[in-house]
file entry28.txt (compact mmCIF, C-alpha atoms and all ligand atoms)
# COMPACT_ATOMS: atom_id res chain seq x y z
CA MET A 1 -20.83 44.91 -26.74
CA SER A 2 -24.50 44.55 -27.61
CA ARG A 3 -26.97 44.30 -24.79
CA SER A 4 -29.26 41.33 -24.83
CA LYS A 5 -32.77 41.99 -26.16
CA ARG A 6 -35.41 43.00 -23.65
CA LEU A 7 -38.70 41.13 -23.50
CA GLU A 8 -41.97 42.67 -22.40
CA ILE A 9 -44.41 40.94 -20.08
CA TRP A 10 -46.71 39.95 -22.94
CA GLN A 11 -43.82 38.31 -24.78
CA LEU A 12 -43.03 36.30 -21.67
CA ARG A 13 -46.69 35.27 -21.48
CA ALA A 14 -46.71 34.19 -25.14
CA ARG A 15 -43.54 32.15 -24.56
CA PHE A 16 -44.97 30.63 -21.41
CA ALA A 17 -48.15 29.55 -23.23
CA THR A 18 -46.18 28.12 -26.17
CA ALA A 19 -43.76 26.24 -23.94
CA LEU A 20 -46.56 24.80 -21.80
CA SER A 21 -48.27 23.68 -24.99
CA ALA A 22 -45.12 21.88 -26.16
CA MET A 23 -44.75 20.19 -22.79
CA TYR A 24 -48.38 19.14 -22.58
CA GLY A 25 -48.26 17.80 -26.16
CA ALA A 26 -45.32 15.61 -25.17
CA GLU A 27 -47.14 14.44 -22.04
CA VAL A 28 -50.60 13.92 -23.58
CA PRO A 29 -50.30 12.98 -27.27
CA ALA A 30 -54.07 13.23 -27.94
CA TYR A 31 -53.76 16.94 -27.12
CA THR A 32 -51.59 17.38 -30.20
CA MET A 33 -54.35 15.92 -32.35
CA LEU A 34 -56.89 18.23 -30.69
CA VAL A 35 -54.73 21.25 -31.51
CA ARG A 36 -54.25 20.11 -35.11
CA VAL A 37 -57.96 19.56 -35.67
CA SER A 38 -58.77 22.90 -33.97
CA GLU A 39 -56.45 24.73 -36.34
CA GLN A 40 -58.05 23.06 -39.36
CA VAL A 41 -61.53 23.89 -38.12
CA ASN A 42 -60.55 27.54 -37.61
CA ARG A 43 -59.01 27.90 -41.05
CA ASP A 44 -62.00 26.24 -42.74
CA TYR A 45 -64.49 28.26 -40.74
CA LEU A 46 -62.85 31.59 -41.51
CA ALA A 47 -62.65 30.76 -45.19
CA ARG A 48 -66.45 30.46 -45.18
CA HIS A 49 -67.20 33.16 -42.56
CA PRO A 50 -64.62 35.96 -42.84
CA ALA A 51 -66.67 38.10 -40.42
CA ALA A 52 -65.91 35.63 -37.61
CA GLU A 53 -62.61 37.41 -37.06
CA ARG A 54 -64.53 40.02 -35.12
CA LEU A 55 -64.36 37.51 -32.23
CA GLY A 56 -60.57 37.38 -32.55
CA SER A 57 -58.04 37.31 -35.36
CA LEU A 58 -56.98 33.90 -36.72
CA GLU A 59 -53.60 34.60 -35.19
CA ARG A 60 -54.99 35.26 -31.72
CA VAL A 61 -57.44 32.36 -31.82
CA THR A 62 -54.79 29.91 -33.08
CA ALA A 63 -52.39 30.82 -30.27
CA GLU A 64 -55.12 31.02 -27.66
CA ARG A 65 -55.13 28.53 -24.78
CA HIS A 66 -56.42 28.23 -21.28
CA GLY A 67 -54.84 25.93 -18.77
CA ALA A 68 -56.20 24.49 -15.53
CA ILE A 69 -54.22 23.86 -12.38
CA ARG A 70 -55.21 22.92 -8.85
CA VAL A 71 -53.51 23.86 -5.57
CA GLY A 72 -53.94 22.93 -1.93
CA SER A 73 -53.87 26.11 0.17
CA PRO A 74 -54.10 29.91 0.14
CA ALA A 75 -50.29 30.07 0.46
CA GLU A 76 -49.93 27.98 -2.69
CA LEU A 77 -52.49 30.13 -4.48
CA ALA A 78 -50.58 33.27 -3.45
CA ALA A 79 -47.37 31.76 -4.87
CA VAL A 80 -49.20 31.04 -8.14
CA ALA A 81 -50.39 34.67 -8.13
CA ASP A 82 -46.79 35.88 -7.74
CA LEU A 83 -45.58 33.63 -10.53
CA PHE A 84 -48.36 34.53 -12.97
CA ALA A 85 -48.00 38.26 -12.30
CA ALA A 86 -44.67 38.05 -14.14
CA PHE A 87 -46.71 37.01 -17.20
CA GLY A 88 -49.23 39.82 -16.75
CA MET A 89 -51.89 37.41 -15.48
CA VAL A 90 -53.96 38.49 -12.46
CA PRO A 91 -56.86 36.81 -10.63
CA VAL A 92 -60.28 37.54 -12.14
CA GLY A 93 -63.58 36.24 -10.78
CA TYR A 94 -64.52 33.90 -7.97
CA TYR A 95 -66.02 30.50 -8.72
CA ASP A 96 -67.48 28.31 -6.00
CA LEU A 97 -67.77 24.85 -7.48
CA ARG A 98 -69.08 23.47 -4.17
CA THR A 99 -72.45 24.97 -5.07
CA ALA A 100 -72.73 23.02 -8.35
CA ALA A 101 -75.44 20.42 -8.83
CA SER A 102 -72.86 17.81 -7.99
CA PRO A 103 -70.40 19.68 -5.78
CA ILE A 104 -66.63 19.73 -6.28
CA PRO A 105 -64.63 20.61 -3.12
CA VAL A 106 -62.75 23.59 -4.58
CA VAL A 107 -63.06 27.36 -4.89
CA SER A 108 -61.43 28.91 -7.93
CA THR A 109 -60.31 32.00 -9.76
CA ALA A 110 -58.84 32.56 -13.22
CA PHE A 111 -55.52 34.27 -13.89
CA ARG A 112 -55.52 36.29 -17.10
CA PRO A 113 -54.50 39.59 -18.66
CA VAL A 114 -57.10 42.29 -18.10
CA ASP A 115 -56.56 45.02 -20.63
CA ASN A 116 -57.57 44.90 -24.25
CA GLY A 117 -54.13 45.47 -25.71
CA GLU A 118 -52.69 42.67 -23.57
CA LEU A 119 -55.55 40.31 -24.41
CA ALA A 120 -55.10 40.99 -28.11
CA ARG A 121 -51.37 40.26 -27.92
CA ASN A 122 -51.84 37.01 -26.04
CA PRO A 123 -54.88 36.09 -23.94
CA PHE A 124 -53.38 33.12 -22.07
CA ARG A 125 -55.38 32.30 -18.93
CA VAL A 126 -55.22 29.63 -16.25
CA PHE A 127 -58.26 28.45 -14.31
CA THR A 128 -56.89 27.84 -10.82
CA SER A 129 -58.71 25.87 -8.17
CA MET A 130 -57.91 25.61 -4.48
CA LEU A 131 -58.91 22.62 -2.38
CA ALA A 132 -61.67 23.58 0.07
CA THR A 133 -60.17 21.91 3.15
CA ARG A 134 -62.17 24.15 5.52
CA ASP A 135 -65.45 22.68 4.29
CA ARG A 136 -66.48 20.01 6.81
CA ARG A 137 -68.92 18.45 4.40
CA PHE A 138 -65.84 17.04 2.65
CA PHE A 139 -63.08 17.14 5.26
CA ALA A 140 -63.61 15.97 8.81
CA ASP A 141 -61.30 17.70 11.31
CA GLU A 142 -58.75 14.93 11.47
CA LEU A 143 -58.45 14.53 7.70
CA ARG A 144 -58.33 18.29 7.22
CA ARG A 145 -55.38 18.47 9.61
CA ARG A 146 -53.49 15.77 7.76
CA VAL A 147 -54.19 17.35 4.35
CA GLU A 148 -53.11 20.78 5.57
CA THR A 149 -49.94 19.32 7.10
CA PHE A 150 -49.09 17.48 3.88
CA VAL A 151 -49.72 20.56 1.73
CA GLY A 152 -47.90 22.82 4.20
CA GLN A 153 -44.78 20.69 3.95
CA ARG A 154 -44.51 20.45 0.19
CA ARG A 155 -43.00 23.13 -2.00
CA LEU A 156 -44.61 23.66 -5.40
CA PHE A 157 -42.20 26.38 -6.52
CA ASP A 158 -38.55 27.11 -5.88
CA PRO A 159 -38.48 30.32 -3.77
CA ALA A 160 -35.86 31.69 -6.17
CA LEU A 161 -38.34 31.31 -9.04
CA ILE A 162 -40.98 33.26 -7.10
CA ALA A 163 -38.45 35.96 -6.16
CA ARG A 164 -37.48 36.30 -9.79
CA ALA A 165 -41.14 36.48 -10.83
CA ARG A 166 -41.71 39.34 -8.39
CA GLN A 167 -38.72 41.18 -9.82
CA ILE A 168 -39.86 40.69 -13.43
CA ALA A 169 -43.38 41.88 -12.58
CA ALA A 170 -41.96 44.99 -10.90
CA ASP A 171 -39.59 45.69 -13.81
CA GLY A 172 -42.22 45.02 -16.50
CA GLY A 173 -40.02 42.49 -18.31
CA CYS A 174 -36.52 41.09 -18.40
CA ASP A 175 -33.72 40.44 -20.83
CA ALA A 176 -33.94 37.60 -23.30
CA ARG A 177 -31.37 35.37 -21.66
CA GLU A 178 -33.05 35.58 -18.30
CA ALA A 179 -36.43 35.03 -19.98
CA ASP A 180 -35.40 31.67 -21.43
CA GLU A 181 -34.39 30.36 -18.06
CA PHE A 182 -37.33 31.86 -16.21
CA VAL A 183 -39.94 30.50 -18.64
CA ALA A 184 -38.31 27.06 -18.67
CA GLN A 185 -38.35 26.91 -14.87
CA ALA A 186 -41.94 28.15 -14.66
CA VAL A 187 -43.06 25.53 -17.19
CA ALA A 188 -41.18 22.76 -15.38
CA ALA A 189 -43.11 23.57 -12.20
CA PHE A 190 -46.29 22.34 -13.97
CA ALA A 191 -44.88 19.11 -15.42
CA LEU A 192 -46.24 15.76 -14.30
CA SER A 193 -43.87 14.57 -11.59
CA PRO A 194 -42.10 11.21 -11.97
CA GLU A 195 -42.00 10.95 -8.14
CA PRO A 196 -43.81 7.86 -6.85
CA ILE A 197 -47.21 8.57 -5.29
CA ASP A 198 -47.97 7.23 -1.79
CA ARG A 199 -50.76 4.86 -2.71
CA ASP A 200 -52.53 4.56 0.64
CA TRP A 201 -52.68 8.34 1.02
CA TYR A 202 -53.86 8.80 -2.56
CA ASP A 203 -56.55 6.15 -2.12
CA GLU A 204 -57.74 7.60 1.16
CA LEU A 205 -58.17 11.03 -0.46
CA SER A 206 -59.84 9.48 -3.51
CA ARG A 207 -62.57 8.20 -1.22
CA VAL A 208 -63.32 11.83 -0.28
CA SER A 209 -62.99 13.11 -3.82
CA ALA A 210 -60.88 12.35 -6.89
CA VAL A 211 -60.04 16.05 -6.99
CA ALA A 212 -58.75 15.96 -3.40
CA ALA A 213 -56.44 13.09 -4.38
CA ASP A 214 -55.25 14.87 -7.51
CA ILE A 215 -54.45 17.99 -5.49
CA ALA A 216 -53.20 16.76 -2.12
CA GLY A 217 -52.28 13.15 -2.91
CA VAL A 218 -49.11 14.15 -4.76
CA ALA A 219 -46.16 16.38 -3.89
CA SER A 220 -46.40 18.76 -6.86
CA THR A 221 -48.99 20.43 -9.04
CA HIS A 222 -49.45 19.86 -12.77
CA LEU A 223 -51.34 21.15 -15.72
CA ASN A 224 -54.69 19.34 -15.67
CA HIS A 225 -55.61 20.37 -19.19
CA LEU A 226 -54.68 22.92 -21.80
CA THR A 227 -57.50 24.09 -23.99
CA PRO A 228 -57.31 25.41 -27.54
CA ARG A 229 -60.02 27.71 -28.89
CA VAL A 230 -62.13 26.95 -31.94
CA LEU A 231 -64.52 29.08 -33.92
CA ASP A 232 -66.90 26.17 -34.58
CA ILE A 233 -67.05 23.71 -31.70
CA ASP A 234 -69.82 21.57 -33.23
CA GLU A 235 -67.62 20.92 -36.25
CA LEU A 236 -64.66 20.18 -34.00
CA TYR A 237 -66.76 17.68 -32.07
CA ARG A 238 -67.79 15.94 -35.30
CA ARG A 239 -64.24 15.75 -36.61
CA MET A 240 -62.77 14.44 -33.35
CA THR A 241 -65.50 11.81 -33.11
CA ALA A 242 -64.92 10.82 -36.74
CA GLY A 243 -61.22 10.57 -35.92
CA GLY A 244 -62.00 7.91 -33.32
CA ILE A 245 -61.67 10.01 -30.14
CA ALA A 246 -64.34 9.36 -27.50
CA MET A 247 -65.68 12.78 -26.55
CA ILE A 248 -67.92 13.43 -23.52
CA ASP A 249 -71.62 13.39 -24.38
CA THR A 250 -72.27 17.06 -24.54
CA ILE A 251 -71.03 20.49 -25.39
CA GLN A 252 -71.32 22.48 -22.13
CA GLY A 253 -72.68 26.01 -21.93
CA PRO A 254 -75.07 27.75 -24.32
CA PRO A 255 -76.65 25.71 -27.11
CA ARG A 256 -75.82 26.19 -30.77
CA THR A 257 -78.05 28.94 -32.14
CA ASP A 258 -78.31 30.95 -35.34
CA GLY A 259 -77.90 34.22 -33.45
CA PRO A 260 -74.77 35.71 -31.87
CA GLN A 261 -72.54 33.25 -29.99
CA VAL A 262 -72.49 34.17 -26.33
CA LEU A 263 -70.18 33.37 -23.42
CA LEU A 264 -68.36 30.08 -23.67
CA ARG A 265 -69.03 26.61 -25.06
CA GLN A 266 -66.76 23.74 -24.07
CA THR A 267 -66.35 20.03 -24.58
CA SER A 268 -63.64 17.48 -23.90
CA PHE A 269 -62.38 13.99 -24.45
CA ARG A 270 -62.22 11.63 -21.52
CA ALA A 271 -59.10 11.49 -19.43
CA LEU A 272 -56.70 8.86 -20.69
CA ALA A 273 -54.84 6.42 -18.45
CA GLU A 274 -51.34 7.77 -17.92
CA PRO A 275 -48.50 5.74 -16.43
CA ARG A 276 -47.66 6.80 -12.86
CA ARG A 277 -45.50 5.20 -10.17
CA PHE A 278 -46.84 4.32 -6.74
CA ARG A 279 -45.13 3.61 -3.47
CA LEU A 280 -46.79 0.94 -1.35
CA ASP A 281 -46.73 0.97 2.44
CA ASP A 282 -43.85 -1.55 2.51
CA GLY A 283 -41.77 0.87 0.42
CA THR A 284 -41.95 -1.02 -2.89
CA VAL A 285 -42.51 1.10 -5.97
CA ILE A 286 -44.86 -0.25 -8.62
CA GLU A 287 -46.05 0.98 -12.01
CA GLY A 288 -49.70 1.93 -12.31
CA THR A 289 -51.93 4.36 -14.15
CA LEU A 290 -54.10 7.34 -13.31
CA ARG A 291 -56.89 8.83 -15.34
CA VAL A 292 -56.90 12.50 -14.45
CA ARG A 293 -55.87 14.69 -17.35
CA PHE A 294 -58.06 15.31 -20.33
CA GLY A 295 -58.39 17.28 -23.53
CA GLU A 296 -60.77 20.19 -23.55
CA VAL A 297 -61.69 22.62 -26.31
CA GLU A 298 -63.64 25.86 -26.17
CA ALA A 299 -65.50 28.37 -28.35
CA ARG A 300 -65.93 31.96 -27.16
CA GLY A 301 -68.66 34.44 -27.92
CA VAL A 302 -69.73 37.87 -26.79
CA ALA A 303 -69.67 38.75 -23.05
CA LEU A 304 -73.12 39.17 -21.50
CA THR A 305 -74.11 42.01 -19.19
CA PRO A 306 -75.62 41.10 -15.79
CA LYS A 307 -79.03 41.46 -17.46
CA GLY A 308 -77.95 39.17 -20.31
CA HIS A 309 -76.54 36.69 -17.83
CA ARG A 310 -79.85 36.51 -15.95
CA ARG A 311 -81.55 35.69 -19.26
CA TYR A 312 -78.90 33.10 -19.91
CA ASP A 313 -79.54 31.43 -16.55
CA ALA A 314 -83.28 31.44 -17.24
CA ALA A 315 -82.82 29.86 -20.68
CA MET A 316 -80.43 27.25 -19.29
CA ALA A 317 -82.94 26.26 -16.60
CA ALA A 318 -85.25 24.90 -19.32
CA PRO A 319 -85.11 21.16 -20.08
CA ASP A 320 -83.98 21.96 -23.63
CA PRO A 321 -82.32 25.40 -23.72
CA ALA A 322 -81.92 25.35 -27.53
CA GLN A 323 -85.65 25.07 -27.93
CA VAL A 324 -86.47 28.10 -25.77
CA TRP A 325 -83.40 30.20 -26.63
CA ALA A 326 -85.26 32.56 -28.97
CA ARG A 327 -87.63 33.51 -26.15
CA TYR A 328 -84.71 34.95 -24.23
CA PHE A 329 -82.27 36.20 -26.86
CA PRO A 330 -82.71 38.15 -30.08
CA SER A 331 -81.07 36.84 -33.22
CA THR A 332 -78.82 39.79 -34.07
CA ASP A 333 -76.02 41.75 -32.41
CA VAL A 334 -77.91 44.96 -33.17
CA GLU A 335 -80.81 43.82 -30.97
CA MET A 336 -78.50 42.35 -28.33
CA ALA A 337 -76.81 45.75 -28.04
CA ALA A 338 -80.09 47.69 -28.13
CA GLN A 339 -81.52 45.57 -25.30
CA GLY A 340 -78.36 45.89 -23.21
CA LEU A 341 -77.79 42.13 -23.11
CA ALA A 342 -74.17 42.01 -24.24
CA TYR A 343 -71.10 44.22 -24.33
CA TYR A 344 -69.99 45.92 -27.55
CA ARG A 345 -67.08 48.28 -27.92
CA SER A 346 -68.38 51.86 -27.98
CA GLY A 347 -71.81 50.32 -28.29
CA ASP A 348 -71.01 49.29 -31.88
CA PRO A 349 -72.75 45.92 -32.56
CA SER A 350 -70.05 44.97 -35.06
CA LYS A 351 -67.46 45.06 -32.27
CA PRO A 352 -68.34 42.45 -29.65
CA VAL A 353 -66.39 42.29 -26.41
CA VAL A 354 -65.27 38.66 -26.25
CA TYR A 355 -66.05 36.67 -23.10
CA GLU A 356 -62.69 36.07 -21.41
CA ASP A 357 -63.83 34.13 -18.34
CA PHE A 358 -65.39 30.82 -17.35
CA LEU A 359 -68.78 29.42 -16.38
CA PRO A 360 -69.17 27.76 -12.98
CA ALA A 361 -71.73 25.22 -14.20
CA SER A 362 -69.55 24.21 -17.14
CA ALA A 363 -66.45 24.14 -14.98
CA ALA A 364 -68.13 21.82 -12.49
CA GLY A 365 -69.40 19.74 -15.42
CA ILE A 366 -65.92 19.54 -16.90
CA PHE A 367 -64.48 18.41 -13.56
CA ARG A 368 -67.33 15.95 -13.10
CA SER A 369 -67.26 14.42 -16.56
CA ASN A 370 -63.71 13.36 -15.97
CA LEU A 371 -63.93 11.92 -12.50
CA ASP A 372 -64.42 8.25 -11.99
CA SER A 373 -65.76 8.66 -8.49
CA ASP A 374 -67.99 11.18 -6.80
CA ALA A 375 -67.40 13.17 -3.65
CA GLU A 376 -69.70 12.12 -0.81
CA ALA A 377 -70.61 15.34 0.98
CA ALA A 378 -71.49 14.79 4.66
CA GLN A 379 -74.75 16.26 5.92
CA VAL A 380 -73.21 18.93 8.16
CA ALA A 381 -73.29 22.72 8.02
CA ASP A 382 -70.76 24.53 5.87
CA ASP A 383 -69.05 27.00 8.20
CA SER A 384 -65.96 27.35 6.00
CA GLY A 385 -66.66 31.01 5.24
CA TYR A 386 -65.36 30.79 1.66
CA SER A 387 -66.36 33.80 -0.40
CA LEU A 388 -64.82 36.29 -2.79
CA GLY A 389 -63.88 38.44 0.21
CA TRP A 390 -62.37 35.50 2.05
CA LEU A 391 -60.23 34.47 -0.92
CA THR A 392 -59.11 38.05 -1.54
CA ALA A 393 -57.94 38.33 2.07
CA ALA A 394 -56.41 34.84 2.09
CA ILE A 395 -54.16 35.56 -0.89
CA ASP A 396 -53.81 39.25 0.00
CA ARG A 397 -54.40 40.41 -3.55
CA PRO A 398 -57.33 42.06 -5.31
CA ILE A 399 -59.47 39.72 -7.37
CA TYR A 400 -60.88 41.57 -10.37
CA ASP A 401 -64.59 41.74 -11.08
CA PRO A 402 -65.21 40.45 -14.62
CA TYR A 403 -68.21 42.73 -15.20
CA ALA A 404 -66.19 45.83 -14.32
CA LEU A 405 -63.57 44.73 -16.86
CA TYR A 406 -66.15 44.16 -19.62
CA GLU A 407 -67.74 47.49 -18.81
CA ALA A 408 -64.36 49.19 -19.17
CA SER A 409 -63.70 47.37 -22.48
CA ALA A 410 -67.07 48.43 -23.82
CA GLN A 411 -66.37 52.08 -22.90
CA GLU A 412 -63.02 52.06 -24.62
CA THR A 413 -63.04 53.79 -27.97
CA ALA A 414 -63.10 51.15 -30.69
CA ALA A 415 -59.71 50.72 -32.34
C1 LIG B 501 -60.82 23.06 -14.00
C2 LIG B 501 -62.18 22.91 -14.61
C3 LIG B 501 -62.67 24.26 -15.10
C4 LIG B 501 -63.08 25.14 -17.44
O1 LIG B 501 -62.67 25.25 -18.59
O2 LIG B 501 -64.24 25.42 -17.11
C5 LIG B 501 -62.14 24.64 -16.44
C6 LIG B 501 -60.17 21.77 -13.63
O3 LIG B 501 -60.57 20.70 -14.11
O4 LIG B 501 -59.19 21.87 -12.87
O5 LIG B 501 -61.00 24.51 -16.75
NI NI B 502 -60.88 24.24 -18.82

call {"tool": "encode", "arguments": {"input": "entry28.txt", "output": "structure tokens", "more": "lines below"}}
Ligand code: OOG
Ligand code: NI
result
Amino acid sequence: MSRSKRLEIWQLRARFATALSAMYGAEVPAYTMLVRVSEQVNRDYLARHPAAERLGSLERVTAERHGAIRVGSPAELAAVADLFAAFGMVPVGYYDLRTAASPIPVVSTAFRPVDNGELARNPFRVFTSMLATRDRRFFADELRRRVETFVGQRRLFDPALIARARQIAADGGCDAREADEFVAQAVAAFALSPEPIDRDWYDELSRVSAVAADIAGVASTHLNHLTPRVLDIDELYRRMTAGGIAMIDTIQGPPRTDGPQVLLRQTSFRALAEPRRFRLDDGTVIEGTLRVRFGEVEARGVALTPKGHRRYDAAMAAPDPAQVWARYFPSTDVEMAAQGLAYYRSGDPSKPVVYEDFLPASAAGIFRSNLDSDAEAAQVADDSGYSLGWLTAAIDRPIYDPYALYEASAQETAA
């Protein structure tokens, strides 16, 4: 009798990413077009710039995605952490989007693999935001209580799924038959629910913030977007626009420059109206639409050191960052490495360490660009206490420091 094949954690992660992509493509057809155009852009770009593979092989970049999900409480975030650990994805970084120019009432982290071998095999990551119910500027006491009660009573994940995830993480994999079922169940937990939405509750939360309604106005969570990676985001933007898709006005993050690509550039198409069912207060169920989920695309460059990041912030503070960029950044990797602005494996400028994380300003911008209404923050003190330390304690798990990870990658002997 032959034993069923064993799958490693990274294989589970690759399957998870692929299956989520298939589901999201079925849910949001414009996503499929975005993926197709991204693949064409990558092939065309590499044909003209073979050296671009130093930022990731065509195979890695083609398979690469990040997802975004939103949850309502530390307990839900801890469950997400348990689930994602089975795919080798751990929380990295702390993002406080309440401090953005136009604040979003969430604090976030990103789940991703952390070591180079794992990233090279499959770098799937999920930006995960938690509703900031403790922040009185958004949630008055009474509303906070009702939101926390609602969230406390729902169940995002079957406890058996979480128990199985814990087991798989501890065992470092599972057999192929179990994997099929586990991945399918994990993916299903992020599908858009057909359950009718309580309209009064959803509307009440929408008046606080569209994000609050998306998170706590419904009984389940869902993938908000799933983002393919491109090597040339300006070209992608042109092709999507030429294909008749209305993109947001800008590409977020660093400007296009002739020098080394740094950090992360992102853009998206506007959320499309999706059919959803609503329950009215008299119990009738009606058909309606919501405009919440969108199509985002990203381009990744070299990771900046803290010194490089300070330069980045200074350049971005200018009215036109592209115009002043050269004052802050040299035009070659050799100079970037020599000035200690970016991470390179073993210090070798031909081996950039790719930026694997997110940018708070872009993240807030991405949220913002796709919300129809704005949060009205009340003029009261924020005594919520949210911080990296708070979130670490609340989910009872270490949250990795991105700079320490880049530092470790840079020290690793180049392959
Ligand atoms: C997350 C927005 C952040 C990114 O790429 O910066 C993000 C969300 O909309 O839930 O995904
Ligand atoms: Ni995103």

call {"tool": "closest_residue", "arguments": {"input": "entry28.txt", "among": "A:Gly152, A:Pro228, A:Gly173, A:Pro91", "to": "ligand NI 502 (chain B)", "atoms": "only C-alpha atoms and all ligand atoms"}}
result
A:Pro228

call {"tool": "closest_residue", "arguments": {"input": "entry28.txt", "among": "A:Pro194, A:Ala140, A:Asp115, A:Arg134", "to": "Gly288 in chain A", "atoms": "all atoms listed in the file"}}
result
A:Pro194

call {"tool": "residues_near_ligand", "arguments": {"input": "entry28.txt", "ligand": "ligand NI 502 (chain B)", "cutoff": "10 Å", "atoms": "all atoms listed in the file", "output": "VMD selection string"}}
result
chain A and resid 65 to 69 125 to 128 224 to 228 266 to 268 294 to 298 358 to 359 362 to 364 366 to 367

call {"tool": "closest_residue", "arguments": {"input": "entry28.txt", "among": "A:Asp401, A:Glu356, A:Asp382, A:Glu8", "to": "ligand LIG 501 (chain B)", "atoms": "only C-alpha atoms and all ligand atoms"}}
result
A:Glu356

call {"tool": "residues_around", "arguments": {"input": "entry28.txt", "residues": "range 328-345 of chain A", "least_positions_apart": "3", "cutoff": "8 Å", "atoms": "only C-alpha atoms", "output": "ChimeraX atom specification"}}
result
/A:258-260,302-309,311-312,314-315,324-325,348-353,406-407,409-414

call {"tool": "atom_distance", "arguments": {"input": "entry28.txt", "atom1": "CA of Gln11 in chain A", "atom2": "CA of Phe84 in chain A"}}
result
13.2 Å

call {"tool": "closest_residue", "arguments": {"input": "entry28.txt", "among": "A:Ala100, A:Val28, A:Ala110, A:Leu131", "to": "Val292 in chain A", "atoms": "all atoms listed in the file"}}
result
A:Val28

call {"tool": "closest_residue", "arguments": {"input": "entry28.txt", "among": "A:Val71, A:Leu236, A:Ala317, A:Ile162", "to": "ligand LIG 501 (chain B)", "atoms": "only C-alpha atoms and all ligand atoms"}}
result
A:Val71

call {"tool": "atom_distance", "arguments": {"input": "entry28.txt", "atom1": "CA of Glu39 in chain A", "atom2": "CA of Val230 in chain A"}}
result
7.5 Å

call {"tool": "closest_residue", "arguments": {"input": "entry28.txt", "among": "A:Ile395, A:Leu223, A:Ala75, A:Val218", "to": "ligand LIG 501 (chain B)", "atoms": "all atoms listed in the file"}}
result
A:Leu223

call {"tool": "residues_around", "arguments": {"input": "entry28.txt", "residues": "Gln379 in chain A", "least_positions_apart": "4", "cutoff": "12 Å", "atoms": "all atoms listed in the file", "output": "PDB file with C-alpha atoms, in the coordinates of the input"}}
result
ATOM      1  CA  ASP A 135     -65.450  22.680   4.290  1.00  0.00           C
ATOM      2  CA  ARG A 136     -66.480  20.010   6.810  1.00  0.00           C
ATOM      3  CA  ARG A 137     -68.920  18.450   4.400  1.00  0.00           C
ATOM      4  CA  PHE A 138     -65.840  17.040   2.650  1.00  0.00           C
ATOM      5  CA  PHE A 139     -63.080  17.140   5.260  1.00  0.00           C
ATOM      6  CA  ALA A 140     -63.610  15.970   8.810  1.00  0.00           C
TER       7      ALA A 140
END

call {"tool": "atom_distance", "arguments": {"input": "entry28.txt", "atom1": "CA of Arg121 in chain A", "atom2": "CA of Ala179 in chain A"}}
result
17.7 Å

call {"tool": "residues_around", "arguments": {"input": "entry28.txt", "residues": "Thr133 in chain A", "least_positions_apart": "2", "cutoff": "12 Å", "atoms": "all atoms listed in the file", "output": "ChimeraX atom specification"}}
result
/A:71-74,98,104-107,130-131,135-151,205,208-209,211-212,215-216,382-386

call {"tool": "build_atoms", "arguments": {"input": "entry28.txt", "residues": "range 218-228 of chain A", "atoms": "N, CA and C atoms", "output": "short mmCIF file (atom, residue, chain, number, x, y, z; two decimals), in the frame of the given file"}}
result
data_model
loop_
_atom_site.label_atom_id
_atom_site.label_comp_id
_atom_site.auth_asym_id
_atom_site.auth_seq_id
_atom_site.Cartn_x
_atom_site.Cartn_y
_atom_site.Cartn_z
N VAL A 218 -50.42 14.13 -4.10
CA VAL A 218 -49.11 14.15 -4.76
C VAL A 218 -48.32 15.36 -4.27
N ALA A 219 -47.02 15.34 -4.50
CA ALA A 219 -46.16 16.38 -3.89
C ALA A 219 -46.00 17.62 -4.76
N SER A 220 -46.56 17.60 -5.98
CA SER A 220 -46.40 18.76 -6.86
C SER A 220 -47.73 19.06 -7.53
N THR A 221 -47.78 20.16 -8.26
CA THR A 221 -48.99 20.43 -9.04
C THR A 221 -48.67 20.13 -10.51
N HIS A 222 -49.68 20.10 -11.35
CA HIS A 222 -49.45 19.86 -12.77
C HIS A 222 -50.59 20.47 -13.56
N LEU A 223 -50.31 20.66 -14.83
CA LEU A 223 -51.34 21.15 -15.72
C LEU A 223 -52.39 20.05 -15.83
N ASN A 224 -53.65 20.37 -15.53
CA ASN A 224 -54.69 19.34 -15.67
C ASN A 224 -55.18 19.24 -17.10
N HIS A 225 -55.32 20.38 -17.76
CA HIS A 225 -55.61 20.37 -19.19
C HIS A 225 -55.17 21.69 -19.79
N LEU A 226 -55.08 21.71 -21.10
CA LEU A 226 -54.68 22.92 -21.80
C LEU A 226 -55.61 22.98 -23.01
N THR A 227 -56.34 24.06 -23.10
CA THR A 227 -57.50 24.09 -23.99
C THR A 227 -57.33 25.03 -25.15
N PRO A 228 -57.32 24.51 -26.38
CA PRO A 228 -57.31 25.41 -27.54
C PRO A 228 -58.70 25.98 -27.81
#
